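Trainee: Input: one structure, supplied below.
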There are 6 protein chains.
Amino acid sequence: MPRLTEYADMTPRARAVVEGIAKGRNVDPARINNVWKALAKHPAVMEQFAGEMKAAMAPGKLDALTKELIYLAVSVANQCDYCIASHGTMAKAKGMTDEMHEEFMAVVLAAQKGNKIAVAYRVPVDDAFQE
Amino acid sequence: MPRLTEYADMTPRARAVVEGIAKGRNVDPARINNVWKALAKHPAVMEQFAGEMKAAMAPGKLDALTKELIYLAVSVANQCDYCIASHGTMAKAKGMTDEMHEEFMAVVLAAQKGNKIAVAYRVPVDDAFQE
Amino acid sequence: MPRLTEYADMTPRARAVVEGIAKGRNVDPARINNVWKALAKHPAVMEQFAGEMKAAMAPGKLDALTKELIYLAVSVANQCDYCIASHGTMAKAKGMTDEMHEEFMAVVLAAQKGNKIAVAYRVPVDDAFQE
Amino acid sequence: MPRLTEYADMTPRARAVVEGIAKGRNVDPARINNVWKALAKHPAVMEQFAGEMKAAMAPGKLDALTKELIYLAVSVANQCDYCIASHGTMAKAKGMTDEMHEEFMAVVLAAQKGNKIAVAYRVPVDDAFQE
Amino acid sequence: MPRLTEYADMTPRARAVVEGIAKGRNVDPARINNVWKALAKHPAVMEQFAGEMKAAMAPGKLDALTKELIYLAVSVANQCDYCIASHGTMAKAKGMTDEMHEEFMAVVLAAQKGNKIAVAYRVPVDDAFQE
Amino acid sequence: MPRLTEYADMTPRARAVVEGIAKGRNVDPARINNVWKALAKHPAVMEQFAGEMKAAMAPGKLDALTKELIYLAVSVANQCDYCIASHGTMAKAKGMTDEMHEEFMAVVLAAQKGNKIAVAYRVPVDDAFQE
């Protein structure tokens, strides 16, 4: 298993990132998710990713659950186990029911099929889709 | 370019699939998208995919635009040019504004980054995400 | 378009690779496929790939068409347009009928779905499959 | 680990799917593979996938082992550990010997290489492969 | 083809990003690469990506050419045609010779093979690599 | 877990490959990495991969560490856990410091983003990159 750095053992720069995240979620920084413990040695990557996540996931024209479902769809397509586990949990926390999850999966699987059909049959893009 | 079979030249079995799709969208079957013209020689694949798409994309607990965004997210992650062009157009037709597209892209790119970070740092799944 | 080096303009080392391939297929080396024209400046890659392809695709316990279908399945999964076009043509030359192609596609699409289901639901490997 | 629903605890709709699969394989439904236990809460996905698998994997113009090898090739290209473990075992059950597995791997690896060469050298599709 | 926004037609916010890039490369902003023209409608994505690229690609402990080769390796693995074309050109501008390109390709192809072997044979990580 | 064949139990053909690798690294063949133990039943794949790795990774116009970083970049893009663990360790052994690793990750993540932007916005290749 990769070495995880606990909050108590992080450098001030890493702690600052963790504290910002923990505050935003109203949780104890000592209970931060493993991804941040794994990144602790690389503070520049950590700061960059924390900033990007905060900006991307904040509700805007798209609501928080829709954004989680988009994030989860990418994670399933890319087959990232950690991301499916963590963002699946977060999607539930933001309101994804079992029925919504089933519909989500049906769309993801249809998209997978559509993607491979388009590629395997070498389908040219319709003029109507060129813009 | 792969051979496309125009509606007028399709077998009755393929025409039936195209007519079902065209009717559902209230369009002329002769103007069906290229993906169906490319599939015309493989009616079993065609019927299976048409049925799956119809079931998956129908509004349910998730609305039609959310489903398009999930489909599009998978297509970007998988890098399917035809699917990005076609479902990007469909998402706009269902209400995706330029601002929503920008937010969508920000989430997709954050997810890409999160996926690769989790994998590259070999992050173990938190107990809180095991369920 | 990337620069292609025609047979007449290749170095002796590149020509030797092309001649070996052309002889094995009983065709004119001047009509070799584009992939070899694109590789002509990198003879070590060319020799390595030509040797590996010859060894891998020769009929053995698996016949030539089965090997083409395996090659094509990987190419569809990886979404390589050139490879789908070239090995799709080769598969037909080795006996793949339209019906076989339709069955092939059905298996590829079922596998795509099975792959994403296993990952998205985080399915643990059965003891019976651990060996 | 994700929650698996044992056969005894499944809803009637999920049990019906499992019984259909178990009957076709002549096995005890209580010993069904994990993938079906993981899907039990999503009966629509389950029914859709079971139907698609049954149709796709039935021997036709391509025999059962060839279909397993195509399925396995997609699973290796997509790097799905569960699928490689399960369909690797099934391929052996359907007659894949160690020698055949070695040949299979040689083709898969040659295809991987060919895919990346075509993309990295940006090889244009030959006219002879356009059809 | 997707709509590209020329520099002259960009909003002030987009122009500012382009001017920053053009200045850093000492080129005319009107001749900026297509990727920036395609992003012009999404200034937040544009600013975020421009900032990340500038920080990531600046020479540091790794020199500029090594960074280009790492970028190019990811692009080949992901099969991004635009990225291979653009960063291939940039790598040459930064000193990649034909011999270096051939060595680069040999490593990329060996890595592709190693990746698929590790996955296909389900190789467990050695204790010596767990840290 | 897949069956690993220990050095003492390998066939002479497999032992010869392992001995060649162990000699080159000046280590005990009994302590060879798991990937070789997993391949032991498939000597042709083993010989082919050992030969390709030796040729690809030998220092040439690119030094040994640069080659490791290219290998690692491909492995992260492909999400191969075994390869990231093993080649991450090897990269450190060849001189990759924590600072270099952080820069490496920044480039890999920027490339991931660039790849998806180019695809999602369907960016056409600039004339200047066509050669």
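Each chain in the structure tokens gets a letter, A, B and so on, in the order shown; residues start at 1 in every chain, and ligands are counted from 1 in the order they appear.
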List as a list of chain:residue names the protein and nucleic acid residues near Glu68 (chain B), meaning an atom at most 8 Å away when only C-alpha atoms are counted, but skip any in the same chain fewer than 2 places from it.
Mentor: B:Met57, B:Ala64, B:Leu65, B:Thr66, B:Ile70, B:Tyr71, B:Leu72, B:His87, B:Met90, B:Ala91
Trainee: Generate a file of the selected residues that holds N, CA and C atoms, formatted as a PDB file, in the first residue's frame.
Mentor:
ATOM      1  N   MET B  57     -32.722   6.413 -22.322  1.00  0.00           N
ATOM      2  CA  MET B  57     -32.761   7.871 -22.439  1.00  0.00           C
ATOM      3  C   MET B  57     -34.135   8.485 -22.114  1.00  0.00           C
ATOM      4  N   ALA B  64     -34.295  14.487 -18.981  1.00  0.00           N
ATOM      5  CA  ALA B  64     -33.678  14.225 -20.282  1.00  0.00           C
ATOM      6  C   ALA B  64     -32.326  14.915 -20.452  1.00  0.00           C
ATOM      7  N   LEU B  65     -32.193  16.127 -19.974  1.00  0.00           N
ATOM      8  CA  LEU B  65     -30.914  16.824 -20.142  1.00  0.00           C
ATOM      9  C   LEU B  65     -29.823  16.193 -19.281  1.00  0.00           C
ATOM     10  N   THR B  66     -30.163  15.841 -18.048  1.00  0.00           N
ATOM     11  CA  THR B  66     -29.173  15.177 -17.183  1.00  0.00           C
ATOM     12  C   THR B  66     -28.669  13.896 -17.841  1.00  0.00           C
ATOM     13  N   ILE B  70     -24.794  12.913 -18.954  1.00  0.00           N
ATOM     14  CA  ILE B  70     -24.117  11.680 -18.541  1.00  0.00           C
ATOM     15  C   ILE B  70     -23.585  10.954 -19.778  1.00  0.00           C
ATOM     16  N   TYR B  71     -24.420  10.888 -20.809  1.00  0.00           N
ATOM     17  CA  TYR B  71     -24.004  10.239 -22.063  1.00  0.00           C
ATOM     18  C   TYR B  71     -22.784  10.959 -22.644  1.00  0.00           C
ATOM     19  N   LEU B  72     -22.841  12.268 -22.648  1.00  0.00           N
ATOM     20  CA  LEU B  72     -21.754  13.068 -23.209  1.00  0.00           C
ATOM     21  C   LEU B  72     -20.469  12.911 -22.387  1.00  0.00           C
ATOM     22  N   HIS B  87     -24.176  13.824 -29.624  1.00  0.00           N
ATOM     23  CA  HIS B  87     -24.830  14.072 -28.334  1.00  0.00           C
ATOM     24  C   HIS B  87     -24.559  15.486 -27.805  1.00  0.00           C
ATOM     25  N   MET B  90     -27.392  17.176 -29.444  1.00  0.00           N
ATOM     26  CA  MET B  90     -28.648  16.810 -28.761  1.00  0.00           C
ATOM     27  C   MET B  90     -28.762  17.499 -27.402  1.00  0.00           C
ATOM     28  N   ALA B  91     -27.641  17.596 -26.685  1.00  0.00           N
ATOM     29  CA  ALA B  91     -27.676  18.252 -25.376  1.00  0.00           C
ATOM     30  C   ALA B  91     -28.099  19.716 -25.531  1.00  0.00           C
TER      31      ALA B  91
END
Trainee: Taking 5 positions as the minimum chain separation for residues in the same chain, which residues sit within 12 Å of Glu103 (chain F) when counting only C-alpha atoms? Answer as a list in words.
Mentor: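 With the cut-off at 12 Å, the set is His42, Pro43, Ala44 and Val45 of chain A; Glu52, Met53, Ala55, Ala56, Met57, Ala58, Pro59, Gly60, Lys61, Leu62, Asp63, Ala64, Thr66, Lys67, Ile70 and Tyr71 of chain E; Leu69, Ala73, Met96, Thr97, Asp98, Val108, Leu109 and Ala110 of chain F.
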Trainee: May I have the selected residues written with N, CA and C atoms, as a PDB file, in the first residue's frame?
Mentor:
ATOM      1  N   HIS A  42       3.301  16.007  -2.240  1.00  0.00           N
ATOM      2  CA  HIS A  42       3.338  16.810  -3.468  1.00  0.00           C
ATOM      3  C   HIS A  42       2.385  17.988  -3.346  1.00  0.00           C
ATOM      4  N   PRO A  43       2.784  18.986  -2.542  1.00  0.00           N
ATOM      5  CA  PRO A  43       1.855  20.088  -2.239  1.00  0.00           C
ATOM      6  C   PRO A  43       1.390  20.888  -3.449  1.00  0.00           C
ATOM      7  N   ALA A  44       2.223  21.019  -4.478  1.00  0.00           N
ATOM      8  CA  ALA A  44       1.790  21.809  -5.644  1.00  0.00           C
ATOM      9  C   ALA A  44       0.646  21.094  -6.372  1.00  0.00           C
ATOM     10  N   VAL A  45       0.777  19.773  -6.525  1.00  0.00           N
ATOM     11  CA  VAL A  45      -0.301  19.001  -7.164  1.00  0.00           C
ATOM     12  C   VAL A  45      -1.563  19.105  -6.303  1.00  0.00           C
TER      13      VAL A  45
ATOM     14  N   GLU E  52      -2.363  26.009 -15.873  1.00  0.00           N
ATOM     15  CA  GLU E  52      -1.818  24.692 -15.538  1.00  0.00           C
ATOM     16  C   GLU E  52      -0.686  24.293 -16.488  1.00  0.00           C
ATOM     17  N   MET E  53      -0.880  24.567 -17.773  1.00  0.00           N
ATOM     18  CA  MET E  53       0.164  24.231 -18.755  1.00  0.00           C
ATOM     19  C   MET E  53       1.442  25.016 -18.480  1.00  0.00           C
ATOM     20  N   ALA E  55       2.560  26.312 -15.698  1.00  0.00           N
ATOM     21  CA  ALA E  55       3.230  25.803 -14.494  1.00  0.00           C
ATOM     22  C   ALA E  55       3.856  24.440 -14.729  1.00  0.00           C
ATOM     23  N   ALA E  56       3.135  23.574 -15.428  1.00  0.00           N
ATOM     24  CA  ALA E  56       3.608  22.196 -15.595  1.00  0.00           C
ATOM     25  C   ALA E  56       4.803  22.094 -16.537  1.00  0.00           C
ATOM     26  N   MET E  57       4.793  22.878 -17.614  1.00  0.00           N
ATOM     27  CA  MET E  57       5.795  22.692 -18.657  1.00  0.00           C
ATOM     28  C   MET E  57       7.060  23.536 -18.478  1.00  0.00           C
ATOM     29  N   ALA E  58       7.044  24.437 -17.512  1.00  0.00           N
ATOM     30  CA  ALA E  58       8.250  25.237 -17.270  1.00  0.00           C
ATOM     31  C   ALA E  58       9.399  24.320 -16.828  1.00  0.00           C
ATOM     32  N   PRO E  59      10.596  24.527 -17.342  1.00  0.00           N
ATOM     33  CA  PRO E  59      11.730  23.699 -16.916  1.00  0.00           C
ATOM     34  C   PRO E  59      11.945  23.832 -15.413  1.00  0.00           C
ATOM     35  N   GLY E  60      12.256  22.732 -14.782  1.00  0.00           N
ATOM     36  CA  GLY E  60      12.493  22.723 -13.337  1.00  0.00           C
ATOM     37  C   GLY E  60      13.556  21.681 -13.062  1.00  0.00           C
ATOM     38  N   LYS E  61      13.217  20.694 -12.236  1.00  0.00           N
ATOM     39  CA  LYS E  61      14.158  19.602 -12.018  1.00  0.00           C
ATOM     40  C   LYS E  61      14.208  18.713 -13.262  1.00  0.00           C
ATOM     41  N   LEU E  62      13.126  18.728 -14.029  1.00  0.00           N
ATOM     42  CA  LEU E  62      13.103  18.028 -15.327  1.00  0.00           C
ATOM     43  C   LEU E  62      13.211  19.099 -16.409  1.00  0.00           C
ATOM     44  N   ASP E  63      14.027  18.832 -17.452  1.00  0.00           N
ATOM     45  CA  ASP E  63      14.200  19.837 -18.513  1.00  0.00           C
ATOM     46  C   ASP E  63      13.015  19.844 -19.482  1.00  0.00           C
ATOM     47  N   ALA E  64      12.989  20.855 -20.335  1.00  0.00           N
ATOM     48  CA  ALA E  64      11.842  21.074 -21.220  1.00  0.00           C
ATOM     49  C   ALA E  64      11.587  19.906 -22.170  1.00  0.00           C
ATOM     50  N   THR E  66      12.409  16.677 -21.758  1.00  0.00           N
ATOM     51  CA  THR E  66      11.892  15.529 -20.998  1.00  0.00           C
ATOM     52  C   THR E  66      10.400  15.711 -20.718  1.00  0.00           C
ATOM     53  N   LYS E  67      10.013  16.922 -20.379  1.00  0.00           N
ATOM     54  CA  LYS E  67       8.601  17.191 -20.122  1.00  0.00           C
ATOM     55  C   LYS E  67       7.754  16.992 -21.384  1.00  0.00           C
ATOM     56  N   ILE E  70       7.249  13.270 -21.884  1.00  0.00           N
ATOM     57  CA  ILE E  70       6.253  12.728 -20.955  1.00  0.00           C
ATOM     58  C   ILE E  70       4.849  13.085 -21.455  1.00  0.00           C
ATOM     59  N   TYR E  71       4.677  14.327 -21.898  1.00  0.00           N
ATOM     60  CA  TYR E  71       3.384  14.766 -22.432  1.00  0.00           C
ATOM     61  C   TYR E  71       3.007  13.923 -23.653  1.00  0.00           C
TER      62      TYR E  71
ATOM     63  N   LEU F  69      10.732   7.392 -17.007  1.00  0.00           N
ATOM     64  CA  LEU F  69       9.638   8.359 -16.865  1.00  0.00           C
ATOM     65  C   LEU F  69       8.633   8.218 -18.003  1.00  0.00           C
ATOM     66  N   ALA F  73       4.814   7.217 -17.484  1.00  0.00           N
ATOM     67  CA  ALA F  73       3.740   8.069 -18.018  1.00  0.00           C
ATOM     68  C   ALA F  73       2.693   7.226 -18.747  1.00  0.00           C
ATOM     69  N   MET F  96      14.970   9.351  -9.616  1.00  0.00           N
ATOM     70  CA  MET F  96      13.820  10.254  -9.526  1.00  0.00           C
ATOM     71  C   MET F  96      13.623  10.700  -8.081  1.00  0.00           C
ATOM     72  N   THR F  97      13.777  11.990  -7.828  1.00  0.00           N
ATOM     73  CA  THR F  97      13.551  12.526  -6.489  1.00  0.00           C
ATOM     74  C   THR F  97      12.062  12.856  -6.318  1.00  0.00           C
ATOM     75  N   ASP F  98      11.675  13.208  -5.094  1.00  0.00           N
ATOM     76  CA  ASP F  98      10.287  13.595  -4.841  1.00  0.00           C
ATOM     77  C   ASP F  98       9.900  14.838  -5.639  1.00  0.00           C
ATOM     78  N   VAL F 108       1.971  14.978 -16.445  1.00  0.00           N
ATOM     79  CA  VAL F 108       1.009  13.921 -16.793  1.00  0.00           C
ATOM     80  C   VAL F 108      -0.421  14.447 -16.674  1.00  0.00           C
ATOM     81  N   LEU F 109      -0.709  15.179 -15.614  1.00  0.00           N
ATOM     82  CA  LEU F 109      -2.072  15.678 -15.405  1.00  0.00           C
ATOM     83  C   LEU F 109      -2.422  16.774 -16.418  1.00  0.00           C
ATOM     84  N   ALA F 110      -1.449  17.602 -16.761  1.00  0.00           N
ATOM     85  CA  ALA F 110      -1.702  18.620 -17.788  1.00  0.00           C
ATOM     86  C   ALA F 110      -1.970  17.950 -19.142  1.00  0.00           C
TER      87      ALA F 110
END
Trainee: Residues of chain B in alpha helix (DSSP H) according to DSSP, as a PyMOL selection string?
Mentor: chain B and resi 12-25+34-39+43-57+64-77+81-93+98-120
Trainee: Quick one, how far is CA of Lys37 (chain C) from CA of Leu4 (chain C)?
Mentor: 5.0 Å
Trainee: Write out as a list of chain:residue names every residue belonging to chain A that has an atom at most 10 Å from any atom of chain D, counting only C-alpha atoms.
Mentor: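 The complete set of qualifying residues is A:Asn78, A:Gln79, A:Ala85, A:Asp98, A:Glu99, A:His101, A:Glu102, A:Glu103, A:Met105, A:Ala106, A:Leu109, A:Arg122.
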Trainee: Selection from above, C-alpha atoms, as a compact mmCIF listing (two decimals), in the first residue's frame, can you write it?
Mentor:
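Result written to again17.txt:
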# COMPACT_ATOMS: atom_id res chain seq x y z
CA ASN A 78 -12.17 5.38 -17.02
CA GLN A 79 -12.55 2.44 -14.64
CA ALA A 85 -16.24 4.25 -4.51
CA ASP A 98 -31.24 3.48 -5.94
CA GLU A 99 -33.69 4.18 -8.75
CA HIS A 101 -28.50 4.99 -9.77
CA GLU A 102 -30.18 2.35 -11.91
CA GLU A 103 -31.14 4.95 -14.50
CA MET A 105 -26.14 2.99 -15.05
CA ALA A 106 -28.53 2.39 -17.96
CA LEU A 109 -24.03 1.44 -20.50
CA ARG A 122 -16.50 3.94 -38.66
Trainee: Would you mind reading off the distance between CA of Val119 (chain B) and CA of Cys83 (chain D), one decimal, in Å?
Mentor: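 Answer for the CA of Val119 (chain B) to CA of Cys83 (chain D) separation: 19.5 Å.
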Trainee: Please provide as number ranges by chain all residues within 8 Å of Gln112 (chain F), with the sequence filter that same-chain residues fewer than 2 positions apart are discarded (counting only C-alpha atoms).
Mentor: B: 112-113; E: 74-75; F: 77, 108-110, 114-116
Trainee: Pull N, CA and C atoms from the residues just selected and write them as a CSV table (one decimal), in the first residue's frame.
Mentor:
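Result file follows (selection.csv):
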chain,number,residue,atom,x,y,z
B,112,GLN,N,-11.3,13.7,-14.7
B,112,GLN,CA,-10.1,13.1,-15.4
B,112,GLN,C,-8.9,13.2,-14.5
B,113,LYS,N,-8.7,14.4,-13.9
B,113,LYS,CA,-7.6,14.6,-13.0
B,113,LYS,C,-7.7,13.7,-11.8
E,74,VAL,N,1.9,10.3,-22.8
E,74,VAL,CA,0.5,10.3,-22.3
E,74,VAL,C,-0.4,10.4,-23.5
E,75,SER,N,-0.1,11.3,-24.5
E,75,SER,CA,-1.0,11.5,-25.6
E,75,SER,C,-1.1,10.3,-26.5
F,77,ALA,N,-1.3,6.7,-17.6
F,77,ALA,CA,-2.3,6.9,-18.6
F,77,ALA,C,-3.2,5.7,-18.8
F,108,VAL,N,2.0,15.0,-16.4
F,108,VAL,CA,1.0,13.9,-16.8
F,108,VAL,C,-0.4,14.4,-16.7
F,109,LEU,N,-0.7,15.2,-15.6
F,109,LEU,CA,-2.1,15.7,-15.4
F,109,LEU,C,-2.4,16.8,-16.4
F,110,ALA,N,-1.4,17.6,-16.8
F,110,ALA,CA,-1.7,18.6,-17.8
F,110,ALA,C,-2.0,17.9,-19.1
F,114,GLY,N,-5.1,18.3,-21.5
F,114,GLY,CA,-5.0,18.7,-22.9
F,114,GLY,C,-5.6,17.7,-23.8
F,115,ASN,N,-5.4,16.4,-23.6
F,115,ASN,CA,-6.0,15.4,-24.4
F,115,ASN,C,-7.5,15.5,-24.4
F,116,LYS,N,-8.1,15.6,-23.3
F,116,LYS,CA,-9.6,15.6,-23.2
F,116,LYS,C,-10.2,16.9,-23.8
Trainee: Excluding Glu6 (chain D) and residues on its chain fewer than 4 positions from it, collect all residues at most 12 Å away from it, counting only C-alpha atoms, and give them as a list in words.
Mentor: Met10, Thr11, Ala14, Arg15, Val18, Pro29, Ala30, Arg31, Ile32, Asn33, Asn34, Val35, Trp36, Lys37, Ala38, Leu39, Ala40 and Lys41 of chain D
Trainee: Could you state the separation of CA of Tyr82 (chain A) and CA of Val125 (chain C) in Å, given to one decimal place?
Mentor: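 Distance between the two atoms: 16.8 Å.
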